[in-house]
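Structure file input.txt with compact mmCIF, C-alpha atoms and all ligand atoms:
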```
# COMPACT_ATOMS: atom_id res chain seq x y z
CA MET A 9 2.18 3.91 -28.55
CA SER A 10 2.45 5.15 -25.01
CA LEU A 11 3.30 2.47 -22.46
CA LEU A 12 0.42 3.64 -20.30
CA THR A 13 -3.21 3.36 -21.31
CA ALA A 14 -6.27 3.87 -19.14
CA PRO A 15 -9.12 1.98 -20.81
CA ASP A 16 -12.72 2.60 -19.80
CA ARG A 17 -13.42 0.14 -16.95
CA ARG A 18 -17.16 0.75 -16.77
CA GLY A 19 -19.06 -2.50 -17.16
CA THR A 20 -16.03 -4.66 -16.33
CA ASP A 21 -15.52 -6.83 -13.24
CA SER A 22 -13.55 -4.02 -11.55
CA ASN A 23 -14.43 -3.71 -7.86
CA LYS A 24 -13.44 -0.05 -8.02
CA TRP A 25 -15.89 0.68 -10.82
CA ARG A 26 -18.71 -1.68 -9.78
CA ARG A 27 -19.22 -0.65 -6.17
CA TYR A 28 -21.08 2.61 -6.89
CA ASN A 29 -23.65 3.71 -9.45
CA ALA A 30 -22.46 4.42 -12.97
CA ASP A 31 -22.55 8.21 -12.49
CA VAL A 32 -19.94 8.05 -9.69
CA LEU A 33 -16.25 8.70 -10.42
CA PRO A 34 -14.44 6.10 -8.29
CA LEU A 35 -11.24 7.39 -6.68
CA TRP A 36 -11.32 5.06 -3.69
CA VAL A 37 -9.81 1.53 -3.52
CA ALA A 38 -6.05 1.29 -4.13
CA ASP A 39 -5.86 0.07 -7.68
CA MET A 40 -4.95 2.21 -10.64
CA ASP A 41 -6.90 2.51 -13.88
CA PHE A 42 -3.93 1.73 -16.13
CA ALA A 43 -3.86 -1.43 -18.23
CA ALA A 44 -1.02 -3.70 -17.12
CA ASP A 45 2.12 -3.94 -19.21
CA PRO A 46 1.29 -6.25 -22.18
CA ARG A 47 4.40 -8.31 -21.34
CA ILE A 48 2.62 -9.41 -18.15
CA ALA A 49 -0.38 -10.64 -20.13
CA ASP A 50 2.01 -12.34 -22.59
CA ALA A 51 3.69 -14.23 -19.75
CA ILE A 52 0.33 -15.36 -18.38
CA ARG A 53 -0.81 -16.40 -21.86
CA ALA A 54 2.39 -18.38 -22.35
CA ARG A 55 1.77 -20.17 -19.06
CA LEU A 56 -1.82 -20.93 -20.10
CA ASP A 57 -0.54 -22.30 -23.38
CA GLU A 58 1.33 -24.99 -21.46
CA GLY A 59 -2.12 -26.47 -21.00
CA VAL A 60 -1.66 -28.23 -17.67
CA LEU A 61 -2.77 -25.99 -14.80
CA GLY A 62 -1.96 -28.03 -11.70
CA TYR A 63 -0.92 -26.79 -8.26
CA GLY A 64 2.18 -24.66 -8.54
CA ARG A 65 5.44 -24.20 -6.69
CA ALA A 66 7.63 -21.23 -7.54
CA MET A 67 10.50 -22.24 -9.78
CA ASP A 68 14.13 -21.38 -9.07
CA ALA A 69 14.11 -18.95 -11.99
CA GLN A 70 11.14 -17.10 -10.47
CA ARG A 71 12.94 -16.78 -7.14
CA GLU A 72 16.04 -15.53 -8.95
CA VAL A 73 14.06 -12.77 -10.67
CA LEU A 74 13.09 -11.40 -7.26
CA VAL A 75 16.59 -11.82 -5.80
CA HIS A 76 17.94 -9.82 -8.73
CA ALA A 77 15.17 -7.19 -8.55
CA LEU A 78 15.70 -6.50 -4.84
CA LEU A 79 19.40 -6.00 -5.39
CA ARG A 80 18.81 -3.83 -8.46
CA ASP A 81 16.06 -1.67 -6.93
CA HIS A 82 16.97 -1.50 -3.24
CA GLY A 83 20.54 -2.74 -2.90
CA TRP A 84 19.25 -5.61 -0.73
CA ARG A 85 20.94 -8.97 -1.25
CA ILE A 86 18.58 -11.76 -0.25
CA GLU A 87 18.85 -15.52 -0.61
CA PRO A 88 16.30 -17.35 -2.79
CA GLU A 89 15.19 -19.56 0.10
CA TRP A 90 14.20 -16.53 2.21
CA LEU A 91 11.17 -16.06 -0.05
CA VAL A 92 7.73 -17.38 0.89
CA PHE A 93 4.99 -16.93 -1.72
CA LEU A 94 1.55 -15.81 -0.63
CA PRO A 95 -1.87 -15.01 -2.08
CA GLY A 96 -1.60 -11.45 -0.77
CA VAL A 97 0.16 -9.06 1.55
CA GLU A 98 -2.86 -8.88 3.86
CA PRO A 99 -2.76 -12.65 4.56
CA GLY A 100 0.99 -12.16 5.03
CA PHE A 101 0.84 -9.67 7.88
CA ASN A 102 -1.94 -11.64 9.53
CA MET A 103 0.08 -14.87 9.26
CA ALA A 104 3.06 -13.07 10.78
CA LEU A 105 1.03 -11.86 13.76
CA SER A 106 -0.40 -15.32 14.21
CA ALA A 107 3.06 -16.91 14.05
CA PHE A 108 5.02 -14.51 16.24
CA THR A 109 2.64 -13.12 18.86
CA SER A 110 0.26 -14.58 21.43
CA THR A 111 -3.25 -13.62 22.44
CA GLY A 112 -3.14 -10.98 25.14
CA GLY A 113 0.00 -9.34 23.73
CA SER A 114 0.33 -6.02 21.90
CA ALA A 115 1.37 -4.72 18.51
CA MET A 116 2.29 -1.12 17.75
CA GLN A 117 1.83 0.88 14.61
CA GLU A 118 1.71 4.42 13.32
CA LEU A 119 -1.65 5.90 12.44
CA PRO A 120 -3.44 6.84 10.28
CA VAL A 121 -2.91 3.53 8.50
CA TYR A 122 -4.48 1.20 5.91
CA ALA A 123 -7.60 -0.34 7.49
CA PRO A 124 -6.66 -4.05 7.27
CA LEU A 125 -3.32 -3.30 8.95
CA ARG A 126 -5.09 -1.39 11.72
CA ALA A 127 -7.56 -4.25 12.15
CA ALA A 128 -4.99 -7.07 12.08
CA PRO A 129 -3.85 -7.01 15.74
CA GLY A 130 -7.51 -7.36 16.81
CA HIS A 131 -7.86 -10.56 14.75
CA TRP A 132 -5.17 -12.19 16.90
CA GLY A 133 -6.29 -11.00 20.33
CA LEU A 134 -3.65 -8.28 20.50
CA THR A 135 -3.99 -4.76 21.83
CA LEU A 136 -3.12 -2.14 19.23
CA ARG A 137 -0.70 0.50 20.55
CA GLU A 138 -1.32 3.54 18.37
CA VAL A 139 1.26 6.20 17.65
CA TRP A 140 -0.18 9.13 15.72
CA GLN A 141 1.80 10.74 12.93
CA ARG A 142 1.47 14.52 12.62
CA PRO A 143 2.10 16.72 9.60
CA THR A 144 5.28 18.58 10.45
CA HIS A 145 7.06 20.87 7.97
CA GLY A 146 5.35 19.17 5.06
CA ARG A 147 6.03 15.58 6.21
CA TRP A 148 4.18 13.14 8.41
CA ILE A 149 6.26 12.52 11.50
CA SER A 150 5.73 10.40 14.62
CA ASP A 151 7.09 11.51 17.93
CA ASP A 152 10.13 9.43 18.95
CA ALA A 153 9.16 9.45 22.63
CA ALA A 154 5.68 8.14 21.76
CA LEU A 155 7.25 5.39 19.64
CA GLU A 156 9.54 4.46 22.50
CA ASP A 157 6.60 4.31 24.94
CA ALA A 158 4.57 2.08 22.64
CA ALA A 159 7.59 -0.16 22.01
CA ARG A 160 8.05 -0.77 25.73
CA ALA A 161 4.64 -2.44 25.84
CA SER A 162 4.61 -4.19 22.43
CA ASP A 163 5.60 -7.57 21.04
CA ALA A 164 5.51 -6.54 17.38
CA LEU A 165 5.98 -3.44 15.29
CA LEU A 166 3.80 -3.24 12.19
CA LEU A 167 5.36 -0.87 9.71
CA CYS A 168 3.80 0.41 6.50
CA ASN A 169 6.48 1.86 4.25
CA PRO A 170 5.73 3.67 1.96
CA GLN A 171 2.87 4.64 4.18
CA ASN A 172 -0.78 4.29 3.23
CA PRO A 173 -2.63 6.74 3.38
CA THR A 174 -0.09 9.53 3.92
CA GLY A 175 2.23 8.52 1.08
CA ARG A 176 5.33 9.16 3.17
CA VAL A 177 8.58 7.29 2.60
CA TYR A 178 10.60 6.67 5.74
CA THR A 179 14.13 8.05 5.75
CA ARG A 180 17.13 5.92 6.68
CA ALA A 181 17.36 7.65 10.07
CA GLU A 182 13.68 7.00 10.79
CA LEU A 183 14.07 3.36 9.83
CA GLU A 184 17.20 2.97 11.93
CA PHE A 185 15.33 4.33 14.93
CA ARG A 186 12.45 1.86 14.43
CA ALA A 187 14.86 -1.05 13.88
CA GLU A 188 16.70 -0.15 17.03
CA LEU A 189 13.39 -0.07 18.94
CA CYS A 190 12.70 -3.62 17.76
CA LEU A 191 16.10 -4.78 18.93
CA ARG A 192 15.99 -2.98 22.28
CA HIS A 193 12.45 -4.03 23.11
CA ASP A 194 12.59 -7.50 21.61
CA MET A 195 9.82 -6.89 19.07
CA VAL A 196 9.26 -8.80 15.88
CA LEU A 197 9.22 -6.47 12.87
CA ILE A 198 6.48 -6.89 10.27
CA SER A 199 7.05 -4.51 7.41
CA ASP A 200 4.42 -4.03 4.71
CA GLU A 201 6.34 -2.58 1.75
CA ILE A 202 3.73 -3.23 -0.94
CA HIS A 203 3.97 0.34 -2.33
CA CYS A 204 7.79 0.37 -2.47
CA GLY A 205 8.05 0.21 -6.26
CA LEU A 206 6.28 3.57 -6.57
CA VAL A 207 8.60 5.91 -4.70
CA LEU A 208 8.59 9.20 -6.58
CA ASP A 209 11.01 12.02 -7.40
CA GLY A 210 14.08 9.78 -7.61
CA ARG A 211 13.88 8.70 -3.96
CA ARG A 212 15.15 5.20 -3.13
CA HIS A 213 13.10 2.89 -0.96
CA ILE A 214 15.09 1.28 1.85
CA PRO A 215 13.76 -2.10 3.05
CA ILE A 216 14.08 -1.85 6.82
CA ALA A 217 15.33 -5.45 7.01
CA SER A 218 18.29 -4.48 4.83
CA LEU A 219 19.70 -2.21 7.54
CA SER A 220 21.57 -4.93 9.43
CA PRO A 221 21.72 -8.72 9.88
CA GLU A 222 20.36 -8.24 13.42
CA ILE A 223 17.18 -6.56 12.27
CA ALA A 224 16.85 -8.92 9.30
CA ALA A 225 16.87 -11.85 11.73
CA ARG A 226 13.70 -10.64 13.44
CA SER A 227 11.83 -9.39 10.39
CA VAL A 228 9.10 -10.31 7.96
CA THR A 229 9.03 -8.07 4.88
CA LEU A 230 6.01 -8.18 2.59
CA MET A 231 6.08 -7.11 -1.03
CA ALA A 232 4.21 -7.73 -4.30
CA ALA A 233 4.04 -6.65 -7.90
CA SER A 234 0.41 -5.75 -7.32
CA LYS A 235 0.59 -2.00 -6.66
CA THR A 236 3.62 -1.08 -8.75
CA TRP A 237 2.49 -2.88 -11.89
CA ASN A 238 -1.23 -2.58 -11.19
CA VAL A 239 -1.95 -6.30 -11.04
CA PRO A 240 -3.60 -6.64 -7.59
CA GLY A 241 -6.27 -8.95 -9.03
CA LEU A 242 -3.60 -11.60 -9.61
CA LYS A 243 -3.52 -12.02 -5.81
CA THR A 244 0.14 -12.97 -5.60
CA ALA A 245 2.67 -11.62 -3.13
CA PHE A 246 5.76 -12.71 -1.24
CA ALA A 247 7.30 -12.51 2.21
CA ILE A 248 11.01 -12.34 2.93
CA LEU A 249 12.15 -14.01 6.14
CA PRO A 250 15.93 -14.20 6.42
CA GLU A 251 15.90 -16.28 9.62
CA ALA A 252 15.25 -19.99 9.10
CA GLY A 253 13.44 -20.62 12.40
CA MET A 254 11.08 -17.69 11.81
CA ARG A 255 10.47 -18.91 8.28
CA ALA A 256 9.42 -22.33 9.53
CA ARG A 257 7.03 -20.80 12.07
CA PHE A 258 5.62 -18.48 9.43
CA GLU A 259 5.00 -21.39 7.05
CA ALA A 260 3.35 -23.33 9.88
CA SER A 261 0.99 -20.42 10.54
CA LYS A 262 -0.76 -21.05 7.24
CA ARG A 263 -2.92 -23.41 9.31
CA GLY A 264 -5.23 -24.59 6.61
CA MET A 265 -6.14 -21.07 5.50
CA VAL A 266 -3.44 -20.02 3.07
CA ASP A 267 -2.62 -22.47 0.32
CA SER A 268 -0.24 -22.49 -2.64
CA VAL A 269 -0.02 -19.50 -4.92
CA ASN A 270 -1.84 -18.98 -8.20
CA ILE A 271 0.43 -20.14 -11.03
CA LEU A 272 -0.73 -17.33 -13.32
CA GLY A 273 0.08 -14.82 -10.59
CA LEU A 274 3.61 -16.21 -10.34
CA ALA A 275 4.05 -15.92 -14.11
CA GLY A 276 2.77 -12.33 -14.09
CA MET A 277 4.92 -11.39 -11.11
CA SER A 278 8.10 -12.69 -12.73
CA ALA A 279 7.40 -10.80 -15.94
CA ALA A 280 6.71 -7.59 -13.98
CA TYR A 281 9.88 -7.63 -11.87
CA GLY A 282 12.01 -9.04 -14.67
CA GLN A 283 10.90 -7.20 -17.78
CA CYS A 284 8.62 -4.25 -17.08
CA ILE A 285 10.95 -1.61 -15.71
CA ASP A 286 10.19 0.98 -18.40
CA TRP A 287 6.46 0.58 -17.65
CA ARG A 288 7.12 1.11 -13.95
CA ASP A 289 9.16 4.23 -14.69
CA ALA A 290 6.38 5.54 -16.94
CA VAL A 291 3.75 4.99 -14.26
CA ARG A 292 5.91 6.79 -11.69
CA ASP A 293 6.14 9.80 -14.02
CA ARG A 294 2.38 9.77 -14.56
CA LEU A 295 1.74 9.57 -10.81
CA ALA A 296 4.14 12.39 -10.01
CA ALA A 297 2.42 14.54 -12.65
CA ASN A 298 -1.05 13.70 -11.29
CA ARG A 299 0.08 14.36 -7.74
CA ASP A 300 1.51 17.74 -8.73
CA MET A 301 -1.60 18.64 -10.70
CA LEU A 302 -3.75 17.84 -7.68
CA ALA A 303 -1.52 19.84 -5.35
CA ALA A 304 -1.56 22.78 -7.77
CA GLN A 305 -5.31 22.77 -8.45
CA LEU A 306 -6.76 21.81 -5.08
CA PRO A 307 -6.14 25.17 -3.33
CA ALA A 308 -8.04 27.06 -6.05
CA ALA A 309 -10.76 24.41 -6.43
CA ILE A 310 -11.40 23.85 -2.73
CA PRO A 311 -9.78 26.57 -0.65
CA ASP A 312 -9.30 25.34 2.94
CA ALA A 313 -8.59 21.72 1.90
CA GLN A 314 -5.09 20.75 3.02
CA ILE A 315 -2.77 18.29 1.35
CA GLN A 316 0.83 17.18 1.92
CA PRO A 317 2.02 15.86 -1.41
CA ALA A 318 2.88 12.17 -1.27
CA GLU A 319 6.45 10.93 -1.59
CA ALA A 320 5.28 7.62 -3.08
CA GLY A 321 2.28 5.95 -4.64
CA PHE A 322 -1.04 7.14 -5.96
CA LEU A 323 -2.88 8.15 -2.81
CA ALA A 324 -3.58 11.65 -1.54
CA TRP A 325 -4.55 12.08 2.09
CA ILE A 326 -6.64 15.22 2.26
CA ASP A 327 -7.74 17.22 5.28
CA PHE A 328 -11.17 18.73 4.67
CA ARG A 329 -11.83 19.64 8.31
CA ALA A 330 -11.61 23.40 7.79
CA LEU A 331 -14.58 23.21 5.42
CA ALA A 332 -16.85 22.16 8.30
CA LEU A 333 -18.85 19.88 6.03
CA PRO A 334 -22.19 18.58 7.32
CA ALA A 335 -21.12 14.91 7.00
CA PRO A 336 -17.90 12.87 6.80
CA ALA A 337 -15.97 14.33 3.87
CA ALA A 338 -16.17 11.12 1.82
CA SER A 339 -19.98 10.91 2.27
CA PHE A 340 -20.35 14.57 1.35
CA PHE A 341 -18.44 14.14 -1.92
CA LEU A 342 -20.17 10.90 -2.76
CA ASP A 343 -23.65 12.37 -2.26
CA ARG A 344 -23.12 15.80 -3.72
CA ALA A 345 -20.25 15.44 -6.20
CA ARG A 346 -20.72 11.80 -7.19
CA VAL A 347 -17.04 11.20 -6.49
CA ALA A 348 -16.10 8.18 -4.34
CA LEU A 349 -13.18 8.68 -1.94
CA SER A 350 -12.09 6.47 0.97
CA CYS A 351 -13.45 7.75 4.28
CA GLY A 352 -10.86 8.94 6.79
CA THR A 353 -12.38 6.77 9.52
CA GLU A 354 -11.08 3.66 7.72
CA PHE A 355 -7.59 4.79 8.70
CA GLY A 356 -8.16 5.78 12.31
CA GLU A 357 -10.91 6.83 14.67
CA GLY A 358 -12.14 10.41 14.56
CA LEU A 359 -10.96 11.11 11.02
CA GLU A 360 -14.36 11.95 9.47
CA GLY A 361 -12.97 15.24 8.17
CA TRP A 362 -10.28 13.46 6.15
CA ALA A 363 -10.50 11.42 2.97
CA ARG A 364 -8.10 9.48 0.76
CA LEU A 365 -8.16 10.16 -2.95
CA ASN A 366 -6.67 7.73 -5.50
CA TYR A 367 -5.06 9.63 -8.36
CA GLY A 368 -3.83 6.52 -10.20
CA CYS A 369 -6.04 7.35 -13.16
CA ALA A 370 -6.15 9.32 -16.38
CA PRO A 371 -5.49 13.02 -15.66
CA GLU A 372 -8.77 13.92 -17.37
CA LEU A 373 -10.68 11.84 -14.83
CA LEU A 374 -8.83 13.46 -11.96
CA GLU A 375 -9.63 16.93 -13.32
CA GLN A 376 -13.27 16.03 -13.75
CA ALA A 377 -13.49 14.72 -10.19
CA LEU A 378 -11.81 17.82 -8.82
CA GLN A 379 -14.20 20.05 -10.73
CA ARG A 380 -17.22 18.15 -9.40
CA MET A 381 -15.88 18.34 -5.86
CA ALA A 382 -15.25 22.08 -6.18
CA GLU A 383 -18.78 22.65 -7.49
CA ALA A 384 -20.29 20.63 -4.65
CA VAL A 385 -18.45 22.71 -2.05
CA GLN A 386 -19.40 25.93 -3.82
CA GLU A 387 -23.07 24.93 -3.95
CA TYR A 388 -23.07 23.93 -0.30
CA ARG A 389 -21.54 27.26 0.70
CA GLU A 390 -24.12 29.16 -1.32
CA GLN A 391 -26.91 27.22 0.42
CA GLN A 392 -25.41 28.09 3.78
CA ALA A 393 -24.93 31.80 2.97
C1 LIG B 401 -0.39 -1.03 2.59
C2 LIG B 401 -1.16 -2.11 1.93
N1 LIG B 401 -0.95 -3.38 2.30
C3 LIG B 401 -1.63 -4.42 1.73
C4 LIG B 401 -2.57 -4.19 0.77
C5 LIG B 401 -3.36 -5.35 0.21
O1 LIG B 401 -2.51 -6.24 -0.38
P1 LIG B 401 -3.05 -7.65 -0.96
O2 LIG B 401 -4.12 -7.34 -1.94
O3 LIG B 401 -1.81 -8.22 -1.55
O4 LIG B 401 -3.54 -8.42 0.22
C6 LIG B 401 -2.82 -2.88 0.34
C7 LIG B 401 -3.84 -2.60 -0.68
O5 LIG B 401 -4.32 -1.51 -0.81
C8 LIG B 401 -2.09 -1.82 0.93
O6 LIG B 401 -2.26 -0.55 0.56
```

Let me see whether you can do it: turn the structure in this file into structure tokens.
Ligand SMILES: Cc1ncc(COP(=O)(O)O)c(C=O)c1O
Amino acid sequence: MSLLTAPDRRGTDSNKWRRYNADVLPLWVADMDFAADPRIADAIRARLDEGVLGYGRAMDAQREVLVHALLRDHGWRIEPEWLVFLPGVEPGFNMALSAFTSTGGSAMQELPVYAPLRAAPGHWGLTLREVWQRPTHGRWISDDAALEDAARASDALLLCNPQNPTGRVYTRAELEFRAELCLRHDMVLISDEIHCGLVLDGRRHIPIASLSPEIAARSVTLMAASKTWNVPGLKTAFAILPEAGMRARFEASKRGMVDSVNILGLAGMSAAYGQCIDWRDAVRDRLAANRDMLAAQLPAAIPDAQIQPAEAGFLAWIDFRALALPAPAASFFLDRARVALSCGTEFGEGLEGWARLNYGCAPELLEQALQRMAEAVQEYREQQA
């Protein structure tokens, strides 16, 4: 049997499938439709079978699984005590801002970006210094001078690598430049690397903190099994803080809001990183095939829609501006095609003409959605003619 299955999620507790009416094809929130590797469920079942379900604390063996996985996958040698377990990456970057910045300060990041990352500086009384990425020769690139300007006025750099929504993977040179900015301008580095297990086409993800001991010493790196192994509902993640003083401040910033981690999430996470490599490789192949299918079919289905194929993950960031639709692109496709996308404005102001499409699904569903979207555009054009 194939490692990957995409069971029908209609009628389940899935947020993705419950938010809209049953006739809508949901290609919005960032979870995939694939059933998790059965070895993850086995590990959770085995933990349940122990019977006692008290408050947990990660065991040494669970830390070791991650230490080994980071070395295996990214060539990054970390120490077990650098790990701090969390109920999610989003609480992690908010805790980091709370721990390492002060109200009235500033944090910089590259836009468009995942909405909770964009919103986070505002939660902590910080000004967001925006640097806009532009599609350049098929890749999303930020201007170095604009990065330098923002860095001069910022206390923290929030990085999202691989990037959501553009799907770009930063190169070593790009990471070195950003690390150097942090060192030169005395910024703390908060790096959300939640999508790093899904780099495609044989690329290798480079954790920015692995570049040098100097950058490691001012960094918080956030990772999880949730995207790669499609277990985001387990709400379990981890931070890596190599510097002991920073780690203590980070732990202190839990401030009664973030408690211990779900024991079933820890069991699932260890199984994923430790045992489910063939599943991860299979999902990468599926995603690359879906991405390529979308890139091949979109120009014929919706001429004028622009896409830069992603280098990682399951998200396509699509520019529908040339279609001059009568509403934000996501609203247009929801109303007229019954396909739910994420609206561009979640990722930055003024992006109504853009939408993010989640292709982490069965290829048949993707084809069906594309067909519906093409028909909706065709119909609209006929009405306008
Ligand atoms: C870049 C990024 N960071 C964080 C998250 C959320 O992570 P969590 O559910 O662990 O808080 C997501 C989910 O889509 C994401 O894309």

Sorted by chain and rising residue number, which residues of chain A lie within 7 Å of ligand LIG 401 (chain B), and what are their closest atom pairs and distances in Å to one decimal, counting only C-alpha atoms and all ligand atoms, as a Markdown table?
```
| residue | atom | partner | partner_atom | distance |
| --- | --- | --- | --- | --- |
| A:Val37 | CA | B:LIG401 | O5 | 6.8 |
| A:Ala38 | CA | B:LIG401 | O5 | 4.7 |
| A:Pro95 | CA | B:LIG401 | O3 | 6.8 |
| A:Gly96 | CA | B:LIG401 | O3 | 3.3 |
| A:Val97 | CA | B:LIG401 | O3 | 3.8 |
| A:Glu98 | CA | B:LIG401 | O4 | 3.7 |
| A:Pro99 | CA | B:LIG401 | O4 | 6.1 |
| A:Tyr122 | CA | B:LIG401 | C1 | 5.7 |
| A:Cys168 | CA | B:LIG401 | C1 | 5.9 |
| A:Gln171 | CA | B:LIG401 | C1 | 6.7 |
| A:Asn172 | CA | B:LIG401 | C1 | 5.4 |
| A:Asp200 | CA | B:LIG401 | N1 | 5.9 |
| A:Glu201 | CA | B:LIG401 | C1 | 7.0 |
| A:Ile202 | CA | B:LIG401 | N1 | 5.7 |
| A:His203 | CA | B:LIG401 | C1 | 6.7 |
| A:Ala232 | CA | B:LIG401 | O3 | 6.6 |
| A:Ser234 | CA | B:LIG401 | O3 | 6.7 |
| A:Pro240 | CA | B:LIG401 | O2 | 5.7 |
| A:Lys243 | CA | B:LIG401 | O3 | 6.0 |
| A:Thr244 | CA | B:LIG401 | O3 | 6.5 |
| A:Ala245 | CA | B:LIG401 | O3 | 5.8 |
```

Given all atoms listed in the file, how would the per-residue table for region 41-156 of chain A near region 207-212 of chain A read, listing every residue at most 12 Å away with its closest atom pair and distance in Å to one decimal, sorted by chain and number, as a Markdown table?
```
| residue | atom | partner | partner_atom | distance |
| --- | --- | --- | --- | --- |
| A:Leu78 | CA | A:Arg212 | CA | 11.8 |
| A:Arg80 | CA | A:Arg212 | CA | 11.1 |
| A:Asp81 | CA | A:Arg212 | CA | 7.9 |
| A:His82 | CA | A:Arg212 | CA | 6.9 |
| A:Gly83 | CA | A:Arg212 | CA | 9.6 |
| A:Trp84 | CA | A:Arg212 | CA | 11.8 |
```

By how many Å are CA of Pro317 (chain A) and CA of Ala370 (chain A) apart?
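It comes out at 18.3 Å.
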
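Taking CA of Ser220 (chain A) and CA of Ala260 (chain A) as the two end points, the separation is 25.9 Å.
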
So that I can see what lies close to Glu259 (chain A), please list as a list in words the residues with an atom at most 10 Å from it, counting all atoms listed in the file and leaving out residues fewer than 3 positions away in the same chain.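 Answer for this query is Val92, Phe93, Met103, Ala104, Ala107, Met254, Arg255, Ala256, Lys262, Arg263 and Val266 of chain A.
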
Taking C-alpha atoms for each residue, export the selection above as a compact mmCIF listing (two decimals), in the coordinates of the input.
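And here is the file that came out, result.txt:
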```txt
# COMPACT_ATOMS: atom_id res chain seq x y z
CA VAL A 92 7.73 -17.38 0.89
CA PHE A 93 4.99 -16.93 -1.72
CA MET A 103 0.08 -14.87 9.26
CA ALA A 104 3.06 -13.07 10.78
CA ALA A 107 3.06 -16.91 14.05
CA MET A 254 11.08 -17.69 11.81
CA ARG A 255 10.47 -18.91 8.28
CA ALA A 256 9.42 -22.33 9.53
CA LYS A 262 -0.76 -21.05 7.24
CA ARG A 263 -2.92 -23.41 9.31
CA VAL A 266 -3.44 -20.02 3.07
```

Checklist entry - Which residue gives the smallest distance to Asn238 (chain A) among A:Pro173, A:Pro120, A:Pro46, A:Gly100, with only C-alpha atoms counted? => result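 When distances to Asn238 (chain A) are compared using only C-alpha atoms, the smallest one comes from A:Pro46.
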
CA of Gly321 (chain A) sits from CA of Leu302 (chain A) at a separation of 13.7 Å

>> Residues proximal to (-4.1, 18.8, 1.3) were defined as those with any atom within 8 Å of that point in the file's coordinates, counting all atoms listed in the file. Which are they, as a list in words?
In response: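 Answer for this query, in the requested form: Ala303, Leu306, Ala313, Gln314, Ile315, Gln316, Pro317, Ala324, Trp325, Ile326, Asp327 and Phe328 of chain A.
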